[in-house]
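> File follows, upload.txt with compact mmCIF, C-alpha atoms:
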```
# COMPACT_ATOMS: atom_id res chain seq x y z
CA MET A 1 11.01 20.22 -9.55
CA THR A 2 9.27 21.16 -6.31
CA GLU A 3 5.79 20.26 -7.54
CA TRP A 4 6.86 16.82 -8.82
CA SER A 5 8.94 16.01 -5.73
CA ASP A 6 6.16 17.16 -3.38
CA GLU A 7 3.72 14.92 -5.23
CA ALA A 8 6.10 11.98 -4.91
CA ARG A 9 6.66 12.64 -1.19
CA THR A 10 2.91 12.70 -0.57
CA ARG A 11 2.48 9.41 -2.39
CA GLN A 12 5.46 7.93 -0.56
CA GLY A 13 3.89 8.87 2.77
CA LEU A 14 0.43 7.54 1.93
CA TYR A 15 1.73 4.18 0.71
CA ARG A 16 3.74 3.76 3.90
CA PHE A 17 0.84 4.88 6.06
CA ILE A 18 -1.63 2.37 4.61
CA GLY A 19 0.98 -0.38 4.70
CA VAL A 20 1.74 0.19 8.39
CA ALA A 21 -1.97 0.38 9.21
CA LEU A 22 -2.41 -3.06 7.63
CA ARG A 23 0.05 -4.62 10.06
CA PRO A 24 -1.07 -5.95 13.45
CA PRO A 25 -2.06 -3.09 15.78
CA GLU A 26 0.51 -2.14 18.41
CA SER A 27 0.76 0.95 20.59
CA GLU A 28 4.09 2.16 19.16
CA ARG A 29 2.85 1.54 15.63
CA HIS A 30 -0.37 3.41 16.38
CA GLU A 31 1.61 6.41 17.63
CA LEU A 32 3.57 6.48 14.38
CA LEU A 33 0.31 6.34 12.43
CA ALA A 34 -1.09 9.24 14.46
CA ALA A 35 1.90 11.40 13.48
CA ALA A 36 1.49 10.32 9.85
CA VAL A 37 -2.18 11.33 9.87
CA GLU A 38 -1.17 14.88 10.78
CA PHE A 39 1.50 14.93 8.06
CA LEU A 40 -0.91 13.66 5.40
CA ASP A 41 -3.68 15.99 6.53
CA ASP A 42 -1.41 18.89 5.55
CA ARG A 43 -0.85 17.51 2.04
CA ASP A 44 -4.14 18.71 0.48
CA LEU A 45 -5.52 15.22 -0.21
CA ASP A 46 -8.95 16.73 -0.90
CA ARG A 47 -7.89 17.28 -4.51
CA TYR A 48 -7.69 13.54 -5.22
CA PRO A 49 -10.47 11.10 -6.19
CA TYR A 50 -9.81 9.04 -3.05
CA ALA A 51 -10.35 12.09 -0.79
CA MET A 52 -13.62 10.88 0.71
CA ALA A 53 -12.13 7.48 1.58
CA TRP A 54 -9.17 9.26 3.17
CA ARG A 55 -11.39 11.56 5.26
CA ARG A 56 -13.55 8.69 6.46
CA PHE A 57 -10.57 6.63 7.56
CA ARG A 58 -8.83 9.64 9.13
CA ASP A 59 -11.92 10.39 11.22
CA GLU A 60 -12.29 6.72 12.17
CA PHE A 61 -8.61 6.59 13.16
CA ARG A 62 -8.96 9.65 15.38
CA SER A 63 -11.92 8.07 17.16
CA VAL A 64 -9.85 5.08 18.37
CA ASP A 65 -9.28 5.22 22.13
CA THR A 66 -8.09 1.66 22.75
CA LEU A 67 -6.38 -0.95 20.59
CA GLU A 68 -8.11 -4.04 21.96
CA PRO A 69 -11.09 -3.92 19.53
CA LEU A 70 -8.65 -3.44 16.64
CA GLU A 71 -6.59 -6.43 17.73
CA ILE A 72 -9.70 -8.63 17.79
CA GLU A 73 -10.94 -7.36 14.43
CA TYR A 74 -7.51 -7.71 12.82
CA VAL A 75 -7.31 -11.38 13.78
CA ARG A 76 -10.92 -11.97 12.72
CA LEU A 77 -10.34 -10.56 9.23
CA PHE A 78 -6.72 -11.37 8.44
CA GLY A 79 -5.76 -14.17 10.84
CA VAL A 80 -6.13 -17.92 10.44
CA GLY A 81 -9.24 -19.23 12.19
CA MET A 82 -11.20 -22.46 12.21
CA GLY A 83 -12.97 -21.45 9.02
CA GLY A 84 -9.83 -20.17 7.29
CA THR A 85 -8.89 -16.54 6.72
CA PRO A 86 -11.77 -14.29 5.58
CA ALA A 87 -9.46 -11.84 3.77
CA THR A 88 -6.00 -13.30 3.19
CA PRO A 89 -3.60 -10.32 2.87
CA THR A 90 -1.08 -12.00 0.53
CA GLU A 91 -0.98 -11.73 -3.26
CA SER A 92 -0.05 -15.36 -3.93
CA PHE A 93 -3.34 -16.52 -2.39
CA TYR A 94 -5.22 -14.81 -5.22
CA ARG A 95 -2.78 -15.39 -8.04
CA VAL A 96 -1.42 -18.95 -7.92
CA PRO A 97 -2.57 -22.43 -6.85
CA ALA A 98 -1.24 -23.62 -3.52
CA ARG A 99 -0.37 -27.05 -4.89
CA ASP A 100 2.84 -28.07 -6.67
CA GLY A 101 4.93 -25.34 -5.08
CA GLY A 102 3.08 -22.54 -6.84
CA ILE A 103 3.22 -20.12 -3.91
CA ALA A 104 6.93 -20.70 -3.24
CA ASP A 105 7.73 -20.10 -6.90
CA PHE A 106 5.61 -16.94 -6.99
CA VAL A 107 7.27 -15.52 -3.87
CA SER A 108 10.74 -16.41 -5.19
CA LYS A 109 10.10 -14.53 -8.42
CA LEU A 110 8.75 -11.57 -6.47
CA GLN A 111 11.95 -11.43 -4.41
CA ILE A 112 13.99 -11.40 -7.63
CA GLU A 113 11.83 -8.52 -8.83
CA TYR A 114 12.53 -6.64 -5.59
CA ARG A 115 16.26 -7.13 -5.97
CA SER A 116 16.11 -5.80 -9.52
CA MET A 117 14.70 -2.56 -8.07
CA GLY A 118 17.46 -2.32 -5.47
CA LEU A 119 15.45 -3.81 -2.60
CA ALA A 120 16.48 -6.59 -0.25
CA SER A 121 14.60 -8.41 2.51
CA ASN A 122 14.23 -6.23 5.60
CA GLY A 123 13.62 -9.12 7.98
CA THR A 124 10.02 -8.21 8.82
CA ALA A 125 7.50 -10.83 9.86
CA GLU A 126 5.38 -10.19 6.76
CA SER A 127 6.01 -12.25 3.63
CA PRO A 128 7.29 -10.61 0.42
CA ASP A 129 3.78 -10.78 -1.09
CA HIS A 130 1.97 -9.42 1.99
CA ILE A 131 -0.05 -6.29 1.27
CA SER A 132 2.00 -4.20 3.72
CA THR A 133 5.26 -5.33 2.08
CA GLU A 134 4.06 -4.47 -1.41
CA LEU A 135 2.86 -1.06 -0.25
CA GLU A 136 6.26 -0.45 1.32
CA VAL A 137 7.85 -1.29 -2.03
CA MET A 138 5.71 1.37 -3.67
CA SER A 139 6.63 3.83 -0.92
CA TYR A 140 10.30 3.11 -1.59
CA LEU A 141 9.89 3.70 -5.34
CA CYS A 142 8.11 7.01 -4.69
CA GLY A 143 11.01 7.98 -2.43
CA VAL A 144 13.48 7.17 -5.21
CA GLU A 145 11.42 9.32 -7.56
CA ALA A 146 11.28 12.23 -5.09
CA ASP A 147 15.04 12.07 -4.45
CA ALA A 148 15.67 12.18 -8.21
CA TRP A 149 13.42 15.21 -8.77
CA GLU A 150 15.07 17.01 -5.85
CA THR A 151 18.52 16.52 -7.40
CA ASP A 152 17.40 17.37 -10.95
CA GLN A 153 17.82 13.82 -12.24
CA SER A 154 14.75 13.64 -14.45
CA ARG A 155 15.85 10.42 -16.19
CA GLU A 156 16.13 8.59 -12.85
CA ALA A 157 12.77 10.01 -11.75
CA THR A 158 11.15 8.77 -14.94
CA GLY A 159 12.72 5.35 -14.40
CA ALA A 160 11.25 5.21 -10.88
CA LEU A 161 7.83 6.13 -12.27
CA ARG A 162 8.11 3.34 -14.82
CA ASP A 163 8.98 0.90 -12.04
CA GLN A 164 5.92 2.11 -10.13
CA ALA A 165 3.65 1.67 -13.13
CA ARG A 166 5.02 -1.81 -13.79
CA PHE A 167 4.67 -2.94 -10.17
CA LEU A 168 1.17 -1.54 -9.83
CA GLY A 169 0.04 -3.10 -13.10
CA SER A 170 1.65 -6.48 -12.42
CA HIS A 171 0.63 -6.78 -8.79
CA LEU A 172 -1.45 -4.37 -6.69
CA VAL A 173 -4.02 -3.36 -9.32
CA ILE A 174 -4.65 -7.04 -10.05
CA TRP A 175 -5.23 -8.45 -6.59
CA VAL A 176 -6.19 -5.60 -4.24
CA PRO A 177 -9.78 -5.32 -5.60
CA THR A 178 -10.37 -9.02 -4.87
CA PHE A 179 -8.75 -8.74 -1.45
CA ALA A 180 -10.91 -5.70 -0.65
CA GLY A 181 -14.01 -7.53 -1.85
CA ARG A 182 -13.31 -10.47 0.47
CA ALA A 183 -12.79 -8.11 3.41
CA ARG A 184 -16.11 -6.42 2.70
CA SER A 185 -17.83 -9.81 2.38
CA ALA A 186 -16.45 -10.66 5.81
CA ASP A 187 -18.26 -7.61 7.20
CA ALA A 188 -15.20 -5.47 7.68
CA PHE A 189 -16.43 -2.43 9.58
CA GLY A 190 -15.16 0.58 11.48
CA PHE A 191 -11.40 0.98 11.39
CA TYR A 192 -10.57 -1.83 8.99
CA GLY A 193 -13.62 -1.31 6.81
CA ARG A 194 -12.59 2.31 6.25
CA LEU A 195 -8.96 1.30 5.78
CA ILE A 196 -9.84 -1.27 3.12
CA ASP A 197 -11.95 1.32 1.30
CA LEU A 198 -8.99 3.73 1.33
CA LEU A 199 -6.58 1.04 0.13
CA HIS A 200 -8.86 0.07 -2.76
CA ALA A 201 -9.59 3.66 -3.84
CA TYR A 202 -5.93 4.64 -3.61
CA VAL A 203 -4.53 1.68 -5.55
CA ILE A 204 -7.05 2.13 -8.38
CA HIS A 205 -6.29 5.86 -8.55
CA GLU A 206 -2.55 5.22 -8.53
CA GLY A 207 -2.79 2.66 -11.31
CA ASP A 208 -4.45 5.23 -13.56
CA PHE A 209 -2.39 8.19 -12.34
CA VAL A 210 1.08 6.69 -12.73
CA ARG A 211 0.25 5.04 -16.05
CA SER A 212 -0.96 8.38 -17.45
CA ILE A 213 2.25 10.14 -16.33
CA VAL A 214 4.48 7.49 -17.88
CA LYS A 215 2.55 7.66 -21.16
CA ARG A 216 3.02 11.38 -21.53
CA SER A 217 6.28 13.31 -21.53
CA ILE A 218 7.77 14.08 -18.10
CA PRO A 219 9.03 17.63 -17.75
CA ALA A 220 12.81 17.92 -17.86
```
Now that the file is in, can you turn its structure into structure tokens?

Amino acid sequence: MTEWSDEARTRQGLYRFIGVALRPPESERHELLAAAVEFLDDRDLDRYPYAMAWRRFRDEFRSVDTLEPLEIEYVRLFGVGMGGTPATPTESFYRVPARDGGIADFVSKLQIEYRSMGLASNGTAESPDHISTELEVMSYLCGVEADAWETDQSREATGALRDQARFLGSHLVIWVPTFAGRARSADAFGFYGRLIDLLHAYVIHEGDFVRSIVKRSIPA
């Protein structure tokens, strides 16, 4: 199952990479991302439809020599300012009304969904419906899939793929395009503009890719 597990490991790494990059910029975090860029660059991403978006962000990432401009841009795009948040990075903002406890109910149901997949709160500052949290969930599910292929547990691997398809279809595929559109409307450029383009291209590809695998027979 080397081919299937390698594919899952690549996807696991890319989900985690984008999720970490969408957290506030810090020097230690940036160093981790730099190592991840090298790992992903060895994974032959040129064969995927999102390859151009990946190359553009990779090159932009490598051109960063100081974090201060990223810190300013991160707050401008994703922080709360006098005029609100240009591109709110949480799913509930796009999916439910803020009144009548809609957001709290949405987040509560999402946490139940996480627990059903074997996930518990990791104590991070990001909310359960933050884009980085949801990408980490997908990274976890890809890791479960890869572990299953590597131990010849095809039924468990198929179950992990079904969980991925369900989570993508119920969450990321629905709200990421709108989130990306708002970021672009807010004149996201450079680092975050390229990152948003990669996020959007990758999520759309994954929605189609995982759904097609689940629909057809998985090799035993």
> Please determine, counting only C-alpha atoms, which residue among A:Met52, A:Leu77, A:Val210, A:Ala186 has the shortest atom-to-atom distance to Glu145 in chain A.
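Of the candidates, the smallest distance to Glu145 in chain A is held by A:Val210.
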> Could you check the closest approach to Val75 in chain A for each of A:Thr88, A:Ser116, A:Ser63, A:Ser5 and tell me which residue wins, using all atoms listed in the file?
A:Thr88
> Report the distance between CA of Arg23 in chain A and CA of Glu126 in chain A in Å, rounded to one decimal place.
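CA of Glu126 in chain A lies 8.4 Å from CA of Arg23 in chain A.
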> To one decimal place in Å, what is the distance between CA of Thr133 in chain A and CA of Phe78 in chain A?
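Between CA of Thr133 in chain A and CA of Phe78 in chain A the gap is 14.8 Å.
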> Name all residues at most 8 Å from range 156-160 of chain A (count only C-alpha atoms; drop same-chain ones fewer than 6 positions away) and give them as a PyMOL selection string.
chain A and resi 141-142+144-149+214+218
> Could you tell me how far CA of Arg76 in chain A lies from CA of Glu26 in chain A, in Å and to one decimal?
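Interatomic distance here is 16.1 Å.
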> Which residue is closest to Arg47 in chain A? Choose from A:Glu7, A:Gly207, A:His171, A:Ser212 and count only C-alpha atoms.
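Answer, going by the shortest atom-to-atom distance: A:Glu7.
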> So which residues touch Asp41 in chain A within 10 Å, counting all atoms listed in the file, skipping near sequence neighbours fewer than 5 positions away, as a ChimeraX atom specification?
/A:36,46,54-55,58
> Around (-1.2, -9.0, 14.4), as given in the file, which residues come within 8 Å? Count all atoms listed in the file and list them as a PyMOL selection string.
chain A and resi 23-25+71+74-75+79
> I'd like the neighbourhood of Val173 in chain A as a list in words, where a residue qualifies if any of its atoms comes within 7 Å (using all atoms listed in the file), though same-chain residues fewer than 5 positions away should be ignored.
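The neighbour list is Leu168, Val203, Ile204 and Gly207 of chain A.
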> Can you put N, CA and C atoms back into range 130-162 of chain A and show it as a PDB file, in the coordinates of the input?

```pdb
ATOM      1  N   HIS A 130       2.973  -9.980   1.081  1.00  0.00           N
ATOM      2  CA  HIS A 130       1.970  -9.420   1.990  1.00  0.00           C
ATOM      3  C   HIS A 130       1.622  -8.011   1.524  1.00  0.00           C
ATOM      4  N   ILE A 131       0.394  -7.602   1.740  1.00  0.00           N
ATOM      5  CA  ILE A 131      -0.050  -6.290   1.270  1.00  0.00           C
ATOM      6  C   ILE A 131       0.822  -5.165   1.848  1.00  0.00           C
ATOM      7  N   SER A 132       1.193  -5.267   3.124  1.00  0.00           N
ATOM      8  CA  SER A 132       2.000  -4.200   3.720  1.00  0.00           C
ATOM      9  C   SER A 132       3.397  -4.145   3.099  1.00  0.00           C
ATOM     10  N   THR A 133       3.954  -5.305   2.731  1.00  0.00           N
ATOM     11  CA  THR A 133       5.260  -5.330   2.080  1.00  0.00           C
ATOM     12  C   THR A 133       5.192  -4.683   0.706  1.00  0.00           C
ATOM     13  N   GLU A 134       4.186  -5.023  -0.060  1.00  0.00           N
ATOM     14  CA  GLU A 134       4.060  -4.470  -1.410  1.00  0.00           C
ATOM     15  C   GLU A 134       3.806  -2.960  -1.376  1.00  0.00           C
ATOM     16  N   LEU A 135       3.069  -2.493  -0.381  1.00  0.00           N
ATOM     17  CA  LEU A 135       2.860  -1.060  -0.250  1.00  0.00           C
ATOM     18  C   LEU A 135       4.148  -0.355   0.157  1.00  0.00           C
ATOM     19  N   GLU A 136       4.964  -1.018   0.960  1.00  0.00           N
ATOM     20  CA  GLU A 136       6.260  -0.450   1.320  1.00  0.00           C
ATOM     21  C   GLU A 136       7.182  -0.369   0.108  1.00  0.00           C
ATOM     22  N   VAL A 137       7.084  -1.343  -0.784  1.00  0.00           N
ATOM     23  CA  VAL A 137       7.850  -1.290  -2.030  1.00  0.00           C
ATOM     24  C   VAL A 137       7.459  -0.055  -2.843  1.00  0.00           C
ATOM     25  N   MET A 138       6.164   0.190  -2.936  1.00  0.00           N
ATOM     26  CA  MET A 138       5.710   1.370  -3.670  1.00  0.00           C
ATOM     27  C   MET A 138       6.160   2.656  -2.974  1.00  0.00           C
ATOM     28  N   SER A 139       6.151   2.660  -1.653  1.00  0.00           N
ATOM     29  CA  SER A 139       6.630   3.830  -0.920  1.00  0.00           C
ATOM     30  C   SER A 139       8.107   4.081  -1.228  1.00  0.00           C
ATOM     31  N   TYR A 140       8.877   3.003  -1.268  1.00  0.00           N
ATOM     32  CA  TYR A 140      10.300   3.110  -1.590  1.00  0.00           C
ATOM     33  C   TYR A 140      10.503   3.705  -2.992  1.00  0.00           C
ATOM     34  N   LEU A 141       9.751   3.207  -3.964  1.00  0.00           N
ATOM     35  CA  LEU A 141       9.890   3.700  -5.340  1.00  0.00           C
ATOM     36  C   LEU A 141       9.502   5.175  -5.447  1.00  0.00           C
ATOM     37  N   CYS A 142       8.483   5.583  -4.700  1.00  0.00           N
ATOM     38  CA  CYS A 142       8.110   7.010  -4.690  1.00  0.00           C
ATOM     39  C   CYS A 142       9.222   7.838  -4.053  1.00  0.00           C
ATOM     40  N   GLY A 143       9.883   7.279  -3.037  1.00  0.00           N
ATOM     41  CA  GLY A 143      11.010   7.980  -2.430  1.00  0.00           C
ATOM     42  C   GLY A 143      12.171   8.133  -3.392  1.00  0.00           C
ATOM     43  N   VAL A 144      12.444   7.097  -4.182  1.00  0.00           N
ATOM     44  CA  VAL A 144      13.480   7.170  -5.210  1.00  0.00           C
ATOM     45  C   VAL A 144      13.135   8.270  -6.223  1.00  0.00           C
ATOM     46  N   GLU A 145      11.877   8.296  -6.612  1.00  0.00           N
ATOM     47  CA  GLU A 145      11.420   9.320  -7.560  1.00  0.00           C
ATOM     48  C   GLU A 145      11.619  10.719  -6.977  1.00  0.00           C
ATOM     49  N   ALA A 146      11.173  10.912  -5.725  1.00  0.00           N
ATOM     50  CA  ALA A 146      11.280  12.230  -5.090  1.00  0.00           C
ATOM     51  C   ALA A 146      12.742  12.664  -4.974  1.00  0.00           C
ATOM     52  N   ASP A 147      13.609  11.748  -4.558  1.00  0.00           N
ATOM     53  CA  ASP A 147      15.040  12.070  -4.450  1.00  0.00           C
ATOM     54  C   ASP A 147      15.594  12.520  -5.806  1.00  0.00           C
ATOM     55  N   ALA A 148      15.161  11.852  -6.860  1.00  0.00           N
ATOM     56  CA  ALA A 148      15.670  12.180  -8.210  1.00  0.00           C
ATOM     57  C   ALA A 148      15.193  13.566  -8.639  1.00  0.00           C
ATOM     58  N   TRP A 149      13.901  13.864  -8.400  1.00  0.00           N
ATOM     59  CA  TRP A 149      13.420  15.210  -8.770  1.00  0.00           C
ATOM     60  C   TRP A 149      14.176  16.283  -7.988  1.00  0.00           C
ATOM     61  N   GLU A 150      14.435  16.007  -6.706  1.00  0.00           N
ATOM     62  CA  GLU A 150      15.070  17.010  -5.850  1.00  0.00           C
ATOM     63  C   GLU A 150      16.539  17.245  -6.206  1.00  0.00           C
ATOM     64  N   THR A 151      17.132  16.342  -6.959  1.00  0.00           N
ATOM     65  CA  THR A 151      18.520  16.520  -7.400  1.00  0.00           C
ATOM     66  C   THR A 151      18.610  16.704  -8.915  1.00  0.00           C
ATOM     67  N   ASP A 152      17.459  17.075  -9.511  1.00  0.00           N
ATOM     68  CA  ASP A 152      17.400  17.370 -10.950  1.00  0.00           C
ATOM     69  C   ASP A 152      17.854  16.210 -11.823  1.00  0.00           C
ATOM     70  N   GLN A 153      17.512  15.005 -11.435  1.00  0.00           N
ATOM     71  CA  GLN A 153      17.820  13.820 -12.240  1.00  0.00           C
ATOM     72  C   GLN A 153      16.515  13.285 -12.846  1.00  0.00           C
ATOM     73  N   SER A 154      16.057  13.964 -13.878  1.00  0.00           N
ATOM     74  CA  SER A 154      14.750  13.640 -14.450  1.00  0.00           C
ATOM     75  C   SER A 154      14.717  12.236 -15.059  1.00  0.00           C
ATOM     76  N   ARG A 155      15.839  11.764 -15.609  1.00  0.00           N
ATOM     77  CA  ARG A 155      15.850  10.420 -16.190  1.00  0.00           C
ATOM     78  C   ARG A 155      15.631   9.363 -15.117  1.00  0.00           C
ATOM     79  N   GLU A 156      16.299   9.536 -13.953  1.00  0.00           N
ATOM     80  CA  GLU A 156      16.130   8.590 -12.850  1.00  0.00           C
ATOM     81  C   GLU A 156      14.703   8.657 -12.293  1.00  0.00           C
ATOM     82  N   ALA A 157      14.146   9.860 -12.241  1.00  0.00           N
ATOM     83  CA  ALA A 157      12.770  10.010 -11.750  1.00  0.00           C
ATOM     84  C   ALA A 157      11.792   9.299 -12.676  1.00  0.00           C
ATOM     85  N   THR A 158      12.013   9.451 -13.979  1.00  0.00           N
ATOM     86  CA  THR A 158      11.150   8.770 -14.940  1.00  0.00           C
ATOM     87  C   THR A 158      11.293   7.255 -14.823  1.00  0.00           C
ATOM     88  N   GLY A 159      12.515   6.783 -14.585  1.00  0.00           N
ATOM     89  CA  GLY A 159      12.720   5.350 -14.400  1.00  0.00           C
ATOM     90  C   GLY A 159      11.978   4.834 -13.180  1.00  0.00           C
ATOM     91  N   ALA A 160      11.980   5.611 -12.092  1.00  0.00           N
ATOM     92  CA  ALA A 160      11.250   5.210 -10.880  1.00  0.00           C
ATOM     93  C   ALA A 160       9.751   5.175 -11.140  1.00  0.00           C
ATOM     94  N   LEU A 161       9.253   6.120 -11.918  1.00  0.00           N
ATOM     95  CA  LEU A 161       7.830   6.130 -12.270  1.00  0.00           C
ATOM     96  C   LEU A 161       7.467   4.907 -13.114  1.00  0.00           C
ATOM     97  N   ARG A 162       8.361   4.538 -14.016  1.00  0.00           N
ATOM     98  CA  ARG A 162       8.110   3.340 -14.820  1.00  0.00           C
ATOM     99  C   ARG A 162       8.086   2.084 -13.947  1.00  0.00           C
TER     100      ARG A 162
END
```
